[in-house]
>>> print(open('start_21.txt').read())   # compact mmCIF, C-alpha atoms
# COMPACT_ATOMS: atom_id res chain seq x y z
CA MET P 1215 114.86 131.53 117.51
CA ARG P 1216 118.29 131.36 119.09
CA LEU P 1217 120.09 133.00 116.14
CA SER P 1218 120.05 136.73 115.47
CA ARG P 1219 118.54 137.97 112.22
CA GLU P 1220 122.01 138.99 111.04
CA LYS P 1221 123.45 135.57 111.76
CA LEU P 1222 120.52 133.89 110.01
CA ASN P 1223 121.13 136.07 106.93
CA LYS P 1224 124.83 135.25 107.04
CA LEU P 1225 124.13 131.53 107.32
CA ALA P 1226 121.73 131.69 104.36
CA SER P 1227 124.27 133.65 102.30
CA SER P 1228 127.18 131.32 103.04
CA SER P 1229 125.06 128.23 102.30
CA THR P 1230 123.89 129.74 98.99
CA GLU P 1231 127.46 130.68 98.11
CA GLN P 1232 128.51 127.13 98.82
CA LEU P 1233 125.76 125.77 96.55
CA ALA P 1234 126.69 128.21 93.78
CA SER P 1235 130.32 127.10 93.93
CA MET P 1236 129.50 123.45 93.25
CA ASN P 1237 129.68 122.00 89.75
CA ASN P 1238 127.11 119.35 90.57
CA VAL P 1239 124.41 121.89 91.47
CA GLU P 1240 122.35 123.71 88.87
CA PHE P 1241 120.41 126.81 89.92
CA LEU P 1242 116.89 126.78 88.45
CA GLU P 1243 116.04 130.17 90.00
CA GLY P 1244 118.03 133.36 90.49
CA TYR P 1245 120.76 133.54 93.13
CA ASP P 1246 118.84 135.99 95.34
CA ASP P 1247 115.62 133.97 95.12
CA ILE P 1248 117.51 130.88 96.25
CA ARG P 1249 119.24 132.77 99.07
CA GLN P 1250 115.87 134.06 100.27
CA GLU P 1251 114.39 130.56 100.09
CA VAL P 1252 117.32 129.16 102.10
CA ARG P 1253 116.72 131.90 104.66
CA ARG P 1254 113.01 131.09 104.81
CA ILE P 1255 113.67 127.34 105.28
CA LEU P 1256 116.28 128.00 107.97
CA GLU P 1257 113.98 130.38 109.80
CA GLU P 1258 111.21 127.79 109.85
CA LEU P 1259 113.51 124.99 111.02
CA LEU P 1260 115.25 127.10 113.65
CA THR P 1261 111.95 128.30 115.07
CA ASN P 1262 111.09 124.65 115.74
CA GLU P 1263 114.58 124.03 117.13
CA GLU P 1264 113.65 126.08 120.21
CA LYS P 1265 111.48 123.15 121.28
CA LEU P 1266 114.52 120.85 121.39
CA ASP P 1267 116.41 123.34 123.52
CA LYS P 1268 113.47 123.76 125.92
CA ALA P 1269 112.93 119.99 126.19
CA ALA P 1270 116.62 119.44 127.06
CA ARG P 1271 116.52 122.22 129.68
CA LEU P 1272 113.33 120.85 131.20
CA LYS P 1273 114.87 117.39 131.56
CA ILE P 1274 117.82 118.88 133.45
CA GLU P 1275 115.52 120.93 135.67
CA SER P 1276 113.48 117.84 136.50
CA GLN P 1277 116.50 116.13 138.13
CA ASN P 1278 116.27 115.57 141.91
CA ARG P 1279 119.07 118.03 142.62
CA ILE P 1280 119.89 121.44 141.22
CA ILE P 1281 122.52 121.38 138.48
CA PRO P 1282 123.83 124.90 137.84
CA GLU P 1283 123.60 126.02 134.23
CA GLY P 1284 127.03 126.38 132.65
CA SER P 1285 128.65 123.76 134.88
CA ALA P 1286 130.46 120.86 133.18
CA GLU P 1287 127.75 118.45 134.34
CA TRP P 1288 124.99 120.70 133.02
CA THR P 1289 126.72 121.00 129.64
CA ILE P 1290 127.20 117.23 129.32
CA LEU P 1291 123.58 116.54 130.24
CA TYR P 1292 122.35 119.30 127.96
CA HIS P 1293 124.15 117.83 124.94
CA LYS P 1294 122.92 114.35 125.79
CA TYR P 1295 119.27 115.38 126.16
CA TYR P 1296 119.45 117.76 123.21
CA ASN P 1297 120.78 115.03 120.94
CA ASP P 1298 118.07 112.68 122.19
CA GLU P 1299 115.55 115.24 120.92
CA VAL P 1300 117.45 115.60 117.62
CA LYS P 1301 117.22 111.83 117.10
CA LYS P 1302 113.45 112.08 117.41
CA LEU P 1303 113.51 114.18 114.22
CA GLY P 1304 114.50 111.01 112.41
CA ILE P 1305 118.20 111.59 111.83
CA MET Y 228 146.86 144.50 119.24
CA ALA Y 229 146.03 142.53 122.39
CA LEU Y 230 148.71 144.32 124.39
CA HIS Y 231 147.35 147.67 123.23
CA ILE Y 232 143.87 146.75 124.44
CA PHE Y 233 145.34 145.43 127.65
CA LEU Y 234 147.15 148.66 128.43
CA LEU Y 235 144.04 150.70 127.72
CA SER Y 236 141.89 148.72 130.09
CA ALA Y 237 144.13 147.68 132.94
CA ASP Y 238 141.80 148.82 135.71
CA VAL Y 239 142.20 147.21 139.09
CA GLY Y 240 139.38 144.97 140.27
CA CYS Y 241 138.94 142.45 143.07
CA LYS Y 242 141.92 140.11 142.77
CA GLU Y 243 140.11 137.07 144.14
CA LEU Y 244 137.30 137.57 141.65
CA HIS Y 245 139.80 137.99 138.88
CA HIS Y 246 141.48 134.70 139.76
CA LEU Y 247 138.14 132.93 139.96
CA CYS Y 248 137.07 134.32 136.59
CA ARG Y 249 140.33 133.23 135.08
CA LEU Y 250 140.13 129.75 136.59
CA SER Y 251 136.54 129.39 135.41
CA ALA Y 252 137.50 130.42 131.88
CA VAL Y 253 140.42 128.01 131.80
CA LEU Y 254 138.21 125.16 132.99
CA GLU Y 255 135.54 126.07 130.46
CA PHE Y 256 138.17 126.19 127.74
CA SER Y 257 139.54 122.76 128.67
CA PHE Y 258 136.06 121.31 128.71
CA LYS Y 259 135.13 122.82 125.37
CA ARG Y 260 138.34 121.53 123.82
CA GLN Y 261 137.59 118.02 124.98
CA GLY Y 262 134.09 118.21 123.56
CA SER Y 263 134.90 120.16 120.43
CA LYS Y 264 134.42 117.21 118.10
CA LEU Y 265 130.90 116.70 119.37
CA THR Y 266 129.45 120.16 119.35
CA VAL Y 267 129.04 123.38 117.47
CA MET Y 268 128.45 126.39 119.63
CA LEU Y 269 124.66 126.64 119.70
CA PHE Y 270 123.55 123.49 117.95
CA SER Y 271 124.91 119.96 117.87
CA LYS Y 272 126.69 118.76 114.76
CA GLU Y 273 123.88 116.27 114.30
CA TYR Y 274 121.30 119.04 114.28
CA VAL Y 275 123.31 121.09 111.79
CA GLY Y 276 123.42 117.97 109.61
CA TYR Y 277 119.64 117.86 109.80
CA LEU Y 278 119.47 121.55 108.80
CA ALA Y 279 121.74 121.02 105.80
CA LYS Y 280 119.78 117.98 104.65
CA GLN Y 281 116.43 119.74 104.96
CA VAL Y 282 117.64 122.87 103.14
CA VAL Y 283 119.06 120.95 100.18
CA LYS Y 284 116.12 118.55 100.00
CA ARG Y 285 113.52 121.32 100.10
CA LEU Y 286 115.38 123.40 97.49
CA LYS Y 287 115.43 120.37 95.21
CA ASP Y 288 111.82 119.33 95.88
CA ASN Y 289 110.59 122.86 95.19
CA HIS Y 290 112.64 123.12 91.98
CA PHE Y 291 115.05 125.82 93.12
CA ILE Y 292 118.07 123.65 92.38
CA GLN Y 293 118.83 120.49 90.47
CA THR Y 294 121.42 117.92 91.42
CA HIS Y 295 122.11 114.23 90.95
CA GLU Y 296 124.49 114.04 93.88
CA LEU Y 297 122.29 114.96 96.79
CA ASP Y 298 124.49 113.39 99.50
CA LYS Y 299 127.61 115.20 98.32
CA VAL Y 300 125.75 118.51 98.17
CA VAL Y 301 124.33 118.00 101.66
CA GLU Y 302 127.82 117.22 102.96
CA ARG Y 303 129.28 120.42 101.53
CA VAL Y 304 126.43 122.59 102.83
CA HIS Y 305 126.81 120.89 106.21
CA SER Y 306 130.52 121.77 106.34
CA SER Y 307 129.77 125.34 105.35
CA MET Y 308 127.12 125.66 108.09
CA VAL Y 309 129.40 124.14 110.74
CA GLU Y 310 132.10 126.61 109.72
CA GLU Y 311 129.75 129.58 110.05
CA LEU Y 312 128.11 128.43 113.28
CA SER Y 313 131.41 127.63 115.00
CA LEU Y 314 132.94 131.00 114.15
CA GLU Y 315 132.27 132.41 117.62
CA ASP Y 316 133.91 129.37 119.24
CA ARG Y 317 137.02 129.89 117.12
CA ILE Y 318 137.14 133.58 118.02
CA ASN Y 319 136.71 132.73 121.73
CA ASP Y 320 139.59 130.26 121.47
CA GLU Y 321 141.78 132.92 119.87
CA VAL Y 322 140.90 135.42 122.61
CA ARG Y 323 141.89 132.87 125.28
CA VAL Y 324 145.24 132.26 123.57
CA ILE Y 325 145.93 136.01 123.40
CA LEU Y 326 144.96 136.56 127.04
CA GLU Y 327 147.01 133.57 128.12
CA ALA Y 328 150.07 135.17 126.53
CA TYR Y 329 149.52 138.26 128.69
CA SER Y 330 148.35 136.44 131.80
CA ASP Y 331 151.32 137.43 133.99
CA GLU Y 332 151.04 141.07 133.05
CA MET Y 333 147.29 140.99 133.60
CA ARG Y 334 147.75 139.43 137.00
CA ASN Y 335 150.34 142.02 137.99
CA ARG Y 336 148.04 144.85 136.99
CA GLY Y 337 144.95 143.24 138.47
CA ALA Y 338 143.05 143.42 135.19
CA ASN Y 339 139.59 141.92 135.04
CA TYR Y 340 139.66 138.81 132.84
CA GLN Y 341 136.05 139.04 131.74
CA GLU Y 342 136.35 142.70 130.72
CA MET Y 343 139.56 141.96 128.85
CA PHE Y 344 137.92 138.99 127.20
CA LYS Y 345 135.06 141.16 125.96
CA LYS Y 346 137.37 143.86 124.62
CA VAL Y 347 139.73 141.52 122.80
CA LYS Y 348 136.78 139.58 121.41
CA ASN Y 349 135.18 142.76 120.05
CA GLU Y 350 138.48 143.63 118.37
CA LEU Y 351 138.70 140.23 116.71
CA VAL Y 352 135.06 140.41 115.59
CA ARG Y 353 135.85 143.73 113.92
CA LYS Y 354 139.09 142.39 112.45
CA TYR Y 355 137.40 139.36 110.86
CA LYS Y 356 134.18 141.28 110.06
CA ALA Y 357 132.41 138.39 111.74
CA VAL Y 358 128.68 138.14 112.34
CA LEU Y 359 128.04 136.39 115.66
>>> encode(input="start_21.txt", output="structure tokens")
Amino acid sequence: MRLSREKLNKLASSSTEQLASMNNVEFLEGYDDIRQEVRRILEELLTNEEKLDKAARLKIESQNRIIPEGSAEWTILYHKYYNDEVKKLGI
Amino acid sequence: MALHIFLLSADVGCKELHHLCRLSAVLEFSFKRQGSKLTVMLFSKEYVGYLAKQVVKRLKDNHFIQTHELDKVVERVHSSMVEELSLEDRINDEVRVILEAYSDEMRNRGANYQEMFKKVKNELVRKYKAVL
């Protein structure tokens, strides 16, 4: 996963806080149980996200010429290929 | 604060390297600014939208939450996730602004841009109690 454990926890906490602040959301379980479930879901999804990142990098590497990572061209291609992979998820 | 850090760390490095580092950072900054509507630091906005949708949907399907306005809830969680995931970008932008303000002084003292960037960034992370 490309996020640290601390960042994952923070993301789960801020998402749960956001849900708790909304009038149109009713919590059917305790706050901590929901936060832990959000964390679990995010961990699962973000573990699979690595595949999108790898696929985008592989596509860039398979070009005829070497495109240095971090260059403007690399970044543009990376976002293009990455989003192609995201679309495959059915968004 | 930035000036204080600057004075503490104004060691002399290779001037050519310093100028290259600075130029590279400026170019990177310009590029990121142009693309800022399209991307969040690590993940695309589209992917974060997918994350938000999946989290809310799974919480609802597994009876952790109840809502009759799924789309609105997804939208709010999406915004919250984008905010959290773009925090490092916003801090980086702030560091660049601070360093830009001291660019002449840094050049005169031959300070290393990358080292300065790291130090100022660490200060801001502490200041905002940010988790990166």
>>> residues_around(input="start_21.txt", residues="segment 1249-1260 of chain P", least_positions_apart="6", cutoff="7 Å", atoms="only C-alpha atoms", output="list in words")
Met1215, Leu1222, Asn1223, Ala1226, Ser1227 and Thr1230 of chain P; Val282 of chain Y
>>> write_last_selection(input="start_21.txt", atoms="C-alpha atoms", output="PDB file, in the coordinates of the input")
ATOM      1  CA  MET P1215     114.860 131.530 117.510  1.00  0.00           C
ATOM      2  CA  LEU P1222     120.520 133.890 110.010  1.00  0.00           C
ATOM      3  CA  ASN P1223     121.130 136.070 106.930  1.00  0.00           C
ATOM      4  CA  ALA P1226     121.730 131.690 104.360  1.00  0.00           C
ATOM      5  CA  SER P1227     124.270 133.650 102.300  1.00  0.00           C
ATOM      6  CA  THR P1230     123.890 129.740  98.990  1.00  0.00           C
TER       7      THR P1230
ATOM      8  CA  VAL Y 282     117.640 122.870 103.140  1.00  0.00           C
TER       9      VAL Y 282
END
>>> interface_residues(input="start_21.txt", of="chain Y", to="chain P", cutoff="8 Å", atoms="all atoms listed in the file", output="list in words")
Glu255, Phe258, Leu269, Ser271, Glu273, Tyr274, Tyr277, Leu278, Val282, Arg285, Leu286, His290, Phe291, Ile292, Gln293, Thr294, His295, Glu296, Val300, Arg303, Val304, Ser307, Met308, Glu311, Leu312, Val358 and Leu359 of chain Y
>>> atom_distance(input="start_21.txt", atom1="atom CA of Lys345 of chain Y", atom2="atom CA of Lys272 of chain Y")
26.4 Å
>>> atom_distance(input="start_21.txt", atom1="atom CA of Ala338 of chain Y", atom2="atom CA of Ile318 of chain Y")
20.7 Å
>>> atom_distance(input="start_21.txt", atom1="atom CA of Val324 of chain Y", atom2="atom CA of Tyr355 of chain Y")
16.5 Å
>>> closest_residue(input="start_21.txt", among="Y:Glu315, Y:Met343, Y:Val301, Y:Lys287", to="Glu327 of chain Y", atoms="only C-alpha atoms")
Y:Met343
>>> residues_around(input="start_21.txt", residues="segment 1274-1280 of chain P", least_positions_apart="5", cutoff="8 Å", atoms="only C-alpha atoms", output="list in words")
Trp1288, Leu1291 and Tyr1292 of chain P
>>> axis_aligned_box(input="start_21.txt", around="segment 1259-1273 of chain P", padding_each_side="5 Å", output="JSON")
{"center_x": 113.9, "center_y": 122.8, "center_z": 121.3, "size_x": 15.5, "size_y": 20.9, "size_z": 30.5}
>>> closest_residue(input="start_21.txt", among="Y:Ala357, Y:Asp331, Y:Gln281, Y:Glu350", to="His305 of chain Y", atoms="all atoms listed in the file")
Y:Gln281
>>> decode(input="start_21.txt", residues="segment 1242-1291 of chain P", atoms="N, CA and C atoms", output="tab-separated table (two decimals), in the first residue's frame")
chain	number	residue	atom	x	y	z
P	1242	LEU	N	-25.50	3.14	12.95
P	1242	LEU	CA	-26.16	1.97	13.51
P	1242	LEU	C	-25.23	1.18	14.43
P	1243	GLU	N	-23.95	1.53	14.37
P	1243	GLU	CA	-22.94	0.93	15.26
P	1243	GLU	C	-22.19	2.07	15.95
P	1244	GLY	N	-21.35	1.71	16.92
P	1244	GLY	CA	-20.60	2.73	17.66
P	1244	GLY	C	-19.59	3.44	16.76
P	1245	TYR	N	-19.22	4.64	17.18
P	1245	TYR	CA	-18.29	5.47	16.39
P	1245	TYR	C	-16.99	4.72	16.10
P	1246	ASP	N	-16.40	4.11	17.14
P	1246	ASP	CA	-15.11	3.43	16.94
P	1246	ASP	C	-15.23	2.22	16.03
P	1247	ASP	N	-16.37	1.50	16.15
P	1247	ASP	CA	-16.58	0.34	15.26
P	1247	ASP	C	-16.64	0.79	13.80
P	1248	ILE	N	-17.32	1.91	13.59
P	1248	ILE	CA	-17.44	2.43	12.22
P	1248	ILE	C	-16.07	2.91	11.71
P	1249	ARG	N	-15.34	3.60	12.56
P	1249	ARG	CA	-14.01	4.07	12.17
P	1249	ARG	C	-13.11	2.89	11.79
P	1250	GLN	N	-13.19	1.82	12.60
P	1250	GLN	CA	-12.37	0.64	12.30
P	1250	GLN	C	-12.80	-0.04	11.00
P	1251	GLU	N	-14.12	-0.03	10.75
P	1251	GLU	CA	-14.62	-0.63	9.51
P	1251	GLU	C	-14.18	0.20	8.30
P	1252	VAL	N	-14.23	1.53	8.45
P	1252	VAL	CA	-13.75	2.41	7.36
P	1252	VAL	C	-12.28	2.12	7.10
P	1253	ARG	N	-11.52	1.96	8.17
P	1253	ARG	CA	-10.08	1.68	8.01
P	1253	ARG	C	-9.87	0.36	7.27
P	1254	ARG	N	-10.66	-0.65	7.68
P	1254	ARG	CA	-10.54	-1.98	7.06
P	1254	ARG	C	-10.87	-1.91	5.56
P	1255	ILE	N	-11.95	-1.21	5.22
P	1255	ILE	CA	-12.36	-1.07	3.80
P	1255	ILE	C	-11.27	-0.35	3.02
P	1256	LEU	N	-10.77	0.75	3.59
P	1256	LEU	CA	-9.73	1.52	2.89
P	1256	LEU	C	-8.47	0.69	2.68
P	1257	GLU	N	-8.12	-0.07	3.70
P	1257	GLU	CA	-6.91	-0.90	3.59
P	1257	GLU	C	-7.06	-1.91	2.45
P	1258	GLU	N	-8.22	-2.52	2.38
P	1258	GLU	CA	-8.48	-3.50	1.32
P	1258	GLU	C	-8.42	-2.84	-0.06
P	1259	LEU	N	-9.10	-1.71	-0.19
P	1259	LEU	CA	-9.13	-1.02	-1.50
P	1259	LEU	C	-7.74	-0.52	-1.90
P	1260	LEU	N	-7.03	0.03	-0.92
P	1260	LEU	CA	-5.72	0.62	-1.26
P	1260	LEU	C	-4.66	-0.45	-1.51
P	1261	THR	N	-4.87	-1.64	-0.99
P	1261	THR	CA	-3.96	-2.73	-1.32
P	1261	THR	C	-4.12	-3.07	-2.80
P	1262	ASN	N	-5.34	-3.08	-3.27
P	1262	ASN	CA	-5.60	-3.36	-4.70
P	1262	ASN	C	-5.15	-2.21	-5.60
P	1263	GLU	N	-5.12	-1.00	-5.03
P	1263	GLU	CA	-4.75	0.18	-5.83
P	1263	GLU	C	-3.32	0.07	-6.35
P	1264	GLU	N	-2.47	-0.66	-5.61
P	1264	GLU	CA	-1.08	-0.84	-6.05
P	1264	GLU	C	-1.01	-1.38	-7.47
P	1265	LYS	N	-2.00	-2.21	-7.82
P	1265	LYS	CA	-2.01	-2.81	-9.16
P	1265	LYS	C	-2.18	-1.74	-10.24
P	1266	LEU	N	-3.00	-0.71	-9.94
P	1266	LEU	CA	-3.21	0.37	-10.91
P	1266	LEU	C	-1.90	1.13	-11.11
P	1267	ASP	N	-1.23	1.40	-10.00
P	1267	ASP	CA	0.04	2.12	-10.05
P	1267	ASP	C	1.07	1.33	-10.87
P	1268	LYS	N	1.15	0.03	-10.59
P	1268	LYS	CA	2.14	-0.81	-11.30
P	1268	LYS	C	1.82	-0.88	-12.79
P	1269	ALA	N	0.52	-1.01	-13.12
P	1269	ALA	CA	0.12	-1.10	-14.53
P	1269	ALA	C	0.49	0.19	-15.27
P	1270	ALA	N	0.26	1.34	-14.64
P	1270	ALA	CA	0.58	2.63	-15.27
P	1270	ALA	C	2.09	2.74	-15.48
P	1271	ARG	N	2.88	2.32	-14.49
P	1271	ARG	CA	4.34	2.39	-14.60
P	1271	ARG	C	4.85	1.45	-15.70
P	1272	LEU	N	4.25	0.27	-15.76
P	1272	LEU	CA	4.67	-0.70	-16.78
P	1272	LEU	C	4.42	-0.17	-18.19
P	1273	LYS	N	3.28	0.50	-18.36
P	1273	LYS	CA	2.96	1.06	-19.69
P	1273	LYS	C	3.99	2.10	-20.09
P	1274	ILE	N	4.43	2.91	-19.13
P	1274	ILE	CA	5.44	3.93	-19.45
P	1274	ILE	C	6.77	3.26	-19.78
P	1275	GLU	N	7.10	2.23	-19.00
P	1275	GLU	CA	8.38	1.53	-19.24
P	1275	GLU	C	8.40	0.82	-20.58
P	1276	SER	N	7.21	0.46	-21.07
P	1276	SER	CA	7.16	-0.30	-22.33
P	1276	SER	C	7.24	0.61	-23.58
P	1277	GLN	N	7.39	1.93	-23.35
P	1277	GLN	CA	7.54	2.84	-24.50
P	1277	GLN	C	8.89	2.57	-25.17
P	1278	ASN	N	9.01	2.96	-26.45
P	1278	ASN	CA	10.24	2.69	-27.20
P	1278	ASN	C	11.45	3.41	-26.62
P	1279	ARG	N	11.22	4.60	-26.03
P	1279	ARG	CA	12.35	5.34	-25.49
P	1279	ARG	C	12.20	5.48	-23.98
P	1280	ILE	N	13.29	5.81	-23.33
P	1280	ILE	CA	13.27	5.93	-21.87
P	1280	ILE	C	12.70	7.29	-21.48
P	1281	ILE	N	11.68	7.27	-20.64
P	1281	ILE	CA	11.09	8.53	-20.14
P	1281	ILE	C	11.43	8.61	-18.65
P	1282	PRO	N	12.27	9.56	-18.27
P	1282	PRO	CA	12.70	9.61	-16.86
P	1282	PRO	C	11.54	9.88	-15.90
P	1283	GLU	N	11.50	9.08	-14.84
P	1283	GLU	CA	10.45	9.26	-13.83
P	1283	GLU	C	10.60	10.64	-13.19
P	1284	GLY	N	9.46	11.32	-13.03
P	1284	GLY	CA	9.48	12.65	-12.41
P	1284	GLY	C	9.48	13.76	-13.45
P	1285	SER	N	9.80	13.42	-14.71
P	1285	SER	CA	9.77	14.46	-15.75
P	1285	SER	C	8.31	14.82	-16.04
P	1286	ALA	N	8.10	15.98	-16.67
P	1286	ALA	CA	6.73	16.42	-16.97
P	1286	ALA	C	6.03	15.39	-17.86
P	1287	GLU	N	6.76	14.86	-18.83
P	1287	GLU	CA	6.16	13.88	-19.75
P	1287	GLU	C	5.76	12.61	-18.99
P	1288	TRP	N	6.65	12.18	-18.10
P	1288	TRP	CA	6.36	10.97	-17.32
P	1288	TRP	C	5.09	11.19	-16.48
P	1289	THR	N	5.00	12.35	-15.85
P	1289	THR	CA	3.86	12.63	-14.98
P	1289	THR	C	2.55	12.66	-15.77
P	1290	ILE	N	2.60	13.28	-16.96
P	1290	ILE	CA	1.38	13.34	-17.79
P	1290	ILE	C	0.96	11.93	-18.20
P	1291	LEU	N	1.94	11.15	-18.67
P	1291	LEU	CA	1.62	9.79	-19.09
P	1291	LEU	C	1.12	8.95	-17.92
